[in-house]
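Text of the file input-v2.cif, holding mmCIF, C-alpha atoms:
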```
data_upload
loop_
_atom_site.label_atom_id
_atom_site.label_comp_id
_atom_site.auth_asym_id
_atom_site.auth_seq_id
_atom_site.Cartn_x
_atom_site.Cartn_y
_atom_site.Cartn_z
CA MET A 224 -19.21 -99.16 -243.89
CA LEU A 225 -18.66 -102.29 -245.99
CA LEU A 226 -17.24 -104.11 -242.94
CA ALA A 227 -20.37 -103.24 -240.94
CA GLY A 228 -22.51 -104.65 -243.77
CA PHE A 229 -20.60 -107.93 -243.78
CA ALA A 230 -20.85 -108.18 -239.97
CA GLY A 231 -24.60 -107.58 -240.14
CA LEU A 232 -25.01 -110.23 -242.86
CA TYR A 233 -22.97 -112.72 -240.82
CA LEU A 234 -25.08 -112.17 -237.69
CA TRP A 235 -28.32 -112.43 -239.70
CA ASN A 236 -27.21 -115.73 -241.26
CA LEU A 237 -26.05 -117.02 -237.87
CA SER A 238 -29.48 -116.45 -236.34
CA ARG A 239 -31.14 -118.14 -239.35
CA SER A 240 -28.79 -121.14 -239.02
CA ALA A 241 -29.59 -121.51 -235.29
CA GLY A 242 -33.25 -121.93 -236.24
CA TYR A 243 -32.38 -125.02 -238.31
CA LEU A 244 -30.92 -127.07 -235.47
CA GLN A 245 -32.79 -130.38 -235.09
CA TYR A 246 -33.56 -132.01 -231.73
CA TYR A 247 -34.56 -135.54 -230.77
CA PRO A 248 -34.58 -137.53 -227.51
CA GLY A 249 -31.52 -139.61 -226.68
CA ASN A 250 -30.83 -142.15 -223.97
CA ILE A 251 -31.98 -142.02 -220.35
CA THR A 252 -28.76 -141.78 -218.36
CA GLY A 253 -30.03 -141.59 -214.77
CA PHE A 254 -33.08 -141.78 -212.52
CA SER A 255 -33.86 -140.76 -208.94
CA LEU A 256 -37.12 -141.19 -207.02
CA ILE A 257 -36.39 -138.71 -204.25
CA PRO A 258 -36.38 -136.06 -205.59
CA PRO A 259 -38.06 -137.24 -208.81
CA VAL A 260 -35.37 -136.45 -211.40
CA ILE A 261 -34.48 -138.10 -214.71
CA THR A 262 -31.30 -137.32 -216.60
CA VAL A 263 -31.56 -137.78 -220.35
CA ASP A 264 -29.56 -136.85 -223.43
CA LEU A 265 -31.07 -134.52 -226.00
CA ILE A 266 -29.43 -135.06 -229.39
CA VAL A 267 -28.82 -131.87 -231.38
CA GLN A 268 -28.16 -132.13 -235.12
CA ASN A 269 -26.43 -129.26 -236.91
CA THR A 270 -26.71 -129.40 -240.71
CA SER A 271 -25.15 -125.97 -241.24
CA ASN A 272 -21.53 -125.06 -241.93
CA VAL A 273 -21.38 -123.09 -238.66
CA SER A 274 -20.29 -124.47 -235.29
CA PHE A 275 -22.80 -123.78 -232.49
CA THR A 276 -22.28 -123.55 -228.77
CA ILE A 277 -25.48 -124.36 -226.93
CA ASN A 278 -25.03 -122.13 -223.88
CA SER A 279 -28.28 -123.03 -222.14
CA LEU A 280 -31.62 -124.71 -222.63
CA ALA A 281 -34.80 -124.57 -220.54
CA ALA A 282 -38.25 -125.97 -221.27
CA ASN A 283 -41.49 -127.13 -219.72
CA VAL A 284 -42.68 -130.71 -220.20
CA THR A 285 -46.39 -131.34 -220.61
CA SER A 286 -48.45 -134.48 -221.02
CA ASP A 287 -51.67 -133.81 -222.93
CA GLY A 288 -51.57 -130.22 -221.69
CA THR A 289 -50.75 -130.98 -218.03
CA GLN A 290 -47.35 -129.74 -216.90
CA ILE A 291 -45.41 -132.69 -215.50
CA GLY A 292 -41.91 -131.26 -215.32
CA ASN A 293 -39.15 -128.95 -216.43
CA VAL A 294 -35.91 -129.67 -218.28
CA SER A 295 -32.76 -127.59 -218.19
CA ASP A 296 -29.08 -127.48 -218.99
CA PHE A 297 -26.77 -124.54 -218.32
CA ILE A 298 -23.40 -126.11 -219.24
CA PRO A 299 -22.17 -125.01 -222.70
CA VAL A 300 -21.94 -127.79 -225.32
CA THR A 301 -20.41 -127.21 -228.76
CA ILE A 302 -21.95 -128.89 -231.80
CA GLY A 303 -19.60 -128.80 -234.79
CA PRO A 304 -20.70 -128.00 -238.32
CA ASN A 305 -22.50 -130.84 -240.12
CA SER A 306 -22.53 -133.04 -237.03
CA GLN A 307 -24.56 -133.99 -233.98
CA GLY A 308 -23.96 -134.26 -230.28
CA PRO A 309 -25.74 -134.91 -226.97
CA ILE A 310 -26.80 -132.30 -224.44
CA PRO A 311 -27.27 -133.81 -220.96
CA LEU A 312 -30.63 -132.59 -219.62
CA THR A 313 -32.01 -132.73 -216.10
CA LEU A 314 -35.75 -133.44 -216.07
CA LYS A 315 -37.27 -132.38 -212.76
CA LEU A 316 -40.66 -134.02 -212.41
CA LEU A 317 -43.57 -132.29 -210.70
CA PRO A 318 -45.25 -134.88 -208.42
CA LEU A 319 -48.61 -133.08 -208.47
CA GLY A 320 -48.55 -132.88 -212.28
CA ILE A 321 -47.77 -136.60 -212.55
CA VAL A 322 -50.61 -137.47 -210.13
CA ASN A 323 -53.02 -135.34 -212.19
CA ASP A 324 -51.83 -137.06 -215.36
CA ILE A 325 -52.35 -140.53 -213.83
CA ILE A 326 -55.88 -139.55 -212.74
CA SER A 327 -56.55 -138.31 -216.28
CA ILE A 328 -55.39 -141.65 -217.71
CA ILE A 329 -57.63 -143.60 -215.29
CA THR A 330 -60.72 -141.46 -215.86
CA GLY A 331 -60.16 -140.98 -219.59
CA GLY A 332 -59.28 -144.58 -220.38
CA VAL A 333 -56.56 -143.59 -222.86
CA GLY A 334 -53.28 -145.47 -222.58
CA SER A 335 -51.20 -143.11 -224.70
CA ARG A 336 -49.95 -139.63 -223.91
CA ASN A 337 -48.78 -136.75 -226.09
CA ILE A 338 -45.64 -135.40 -224.47
CA LEU A 339 -44.42 -131.93 -225.45
CA ILE A 340 -41.12 -130.36 -224.48
CA LYS A 341 -41.35 -126.66 -225.33
CA GLY A 342 -38.87 -123.98 -224.42
CA THR A 343 -35.91 -121.92 -225.55
CA VAL A 344 -32.31 -122.66 -226.42
CA ASN A 345 -29.42 -120.19 -226.40
CA ALA A 346 -27.21 -121.09 -229.39
CA ASN A 347 -24.19 -118.80 -229.89
CA GLY A 348 -25.92 -116.14 -227.82
CA ILE A 349 -29.08 -116.24 -229.93
CA GLN A 350 -32.35 -117.21 -228.22
CA GLN A 351 -34.36 -119.67 -230.32
CA PRO A 352 -37.64 -121.41 -229.47
CA PHE A 353 -37.80 -125.18 -229.81
CA GLU A 354 -40.48 -127.86 -229.52
CA LEU A 355 -40.06 -131.60 -229.20
CA PRO A 356 -43.41 -133.44 -229.40
CA PHE A 357 -43.68 -137.21 -229.10
CA LYS A 358 -46.25 -139.84 -228.20
CA VAL A 359 -45.81 -142.57 -225.61
CA GLY A 360 -48.02 -145.60 -225.07
CA LEU A 361 -50.43 -147.35 -227.39
#
```

For the file at hand, write its structure as structure tokens.
Amino acid sequence: MLLAGFAGLYLWNLSRSAGYLQYYPGNITGFSLIPPVITVDLIVQNTSNVSFTINSLAANVTSDGTQIGNVSDFIPVTIGPNSQGPIPLTLKLLPLGIVNDIISIITGGVGSRNILIKGTVNANGIQQPFELPFKVGL
């Protein structure tokens, strides 16, 4: 019974720790026009004392509410305790979404865009939501 209690406490703390992972954009590592694909690193920071294996990550990318693409990675990457590491992401751009976004820029006269990457990450088998907002332009 005591062993089951310790196992439950460990799993509860593990899921809490996964929620504290920090994400920020890294370097662009590749670009293709046909099909429109960008490869980019997503930096994951782990400030806990637990090692995490990011098993998969999938998210939609929007620009001021217009979906312009999807990012994904399904190759496991381990982030050690109290460290950071890159996850190579594939950003598949949606041509129609990009055209709509360009039309919105022309008709709206705003040179900056609010980009939001919002999805889920599987860290040590635990699904966690994540959001990465940033602004590009003036």

- Query: A:Gly303, A:Pro311, A:Gly249, A:Gly320: which is nearest Asn283 in chain A, counting all atoms listed in the file?
  - Reply: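 Checking each candidate against Asn283 in chain A, we get A:Gly320 as the closest.
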
- Message: Report, in Å with one decimal, the straight-line distance from CA of Leu256 in chain A to CA of Gly292 in chain A.
- Response: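 So the two atoms, CA of Leu256 in chain A and CA of Gly292 in chain A, lie 13.8 Å apart.
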
- Message: Measuring between only C-alpha atoms, which one of A:Gln290, A:Thr285, A:Ser255, A:Thr330 shows the shortest distance to Pro356 in chain A?
- Response: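 Under the stated criterion, the closest residue is A:Thr285.
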
How would you write, as a PDB file with C-alpha atoms, in the frame of the given file, the residues chosen by the PyMOL selection byres ((chain A and resi 358) around 6) on this structure?
```pdb
ATOM      1  CA  ARG A 336     -49.950-139.630-223.910  1.00  0.00           C
ATOM      2  CA  ASN A 337     -48.780-136.750-226.090  1.00  0.00           C
ATOM      3  CA  ILE A 338     -45.640-135.400-224.470  1.00  0.00           C
ATOM      4  CA  PHE A 357     -43.680-137.210-229.100  1.00  0.00           C
ATOM      5  CA  VAL A 359     -45.810-142.570-225.610  1.00  0.00           C
TER       6      VAL A 359
END
```

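Taking CA of Leu316 in chain A and CA of Val284 in chain A as endpoints, the distance between them is 8.7 Å.
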
- Please provide as a PyMOL selection string all residues within 9 Å of Gln307 in chain A, with the sequence filter that same-chain residues fewer than 2 positions apart are discarded (counting all atoms listed in the file). chain A and resi 266-270+302-305+309

- Task: Calculate how many Å separate CA of Val294 in chain A from CA of Leu244 in chain A, rounding to one decimal.
- Result: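 Value for the CA of Val294 in chain A-CA of Leu244 in chain A distance: 18.1 Å.
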
Emit as AutoDock Vina command-line options the padded axis-aligned box for all listed atoms of range 308-314 of chain A, 4 Å per side, with centre and edge lengths in Å to one decimal.
```
--center_x -29.9 --center_y -133.6 --center_z -223.2 --size_x 19.8 --size_y 10.6 --size_z 22.2
```

- Closest of A:Ile257, A:Leu265, A:Ile277, A:Leu312 to Gln351 in chain A - atom-to-atom distances counting only C-alpha atoms: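 Among the listed residues, A:Ile277 lies closest to Gln351 in chain A.
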
- Query: Hey, can you pull every residue with an atom no more than 8 Å from (-35.8, -138.1, -214.7), using only C-alpha atoms, and send it as a PyMOL selection string?
  - Reply: chain A and resi 251+253-255+259-263+313-316

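Using all atoms listed in the file for every distance, the candidate list A:Ile310, A:Ile298, A:Ala281, A:Ile291 yields A:Ala281 as the residue closest to Lys341 in chain A.
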
- Message: From (-23.5, -121.8, -229.7), in the file's coordinates, out to 8 Å: which residues are reached, counting only C-alpha atoms? Answer as a list in words.
- Response: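 Using only C-alpha atoms, the matching residues come out as Ser274, Phe275, Thr276, Ile277, Asn278, Pro299, Val300, Thr301, Ile302, Asn345, Ala346, Asn347, Gly348 and Ile349 of chain A.
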
- Task: Evaluate the PyMOL selection byres ((chain A and resi 352) around 8) on the structure here and hand back the selected residues as a list of chain:residue names.
- Result: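 Checking the PyMOL selection byres ((chain A and resi 352) around 8) against this file, the residues are A:Lys341, A:Gly342, A:Thr343, A:Val344, A:Gln350, A:Gln351, A:Phe353, A:Glu354.
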
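When all atoms listed in the file are used to compute distances to Ser295 in chain A, the closest of the residues A:Ile329, A:Leu339, A:Leu355, A:Leu280 turns out to be A:Leu280.
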
- Using only C-alpha atoms, which of the listed residues (A:Val273, A:Gln245, A:Ala282, A:Thr289) sits closest to Leu319 in chain A? A:Thr289
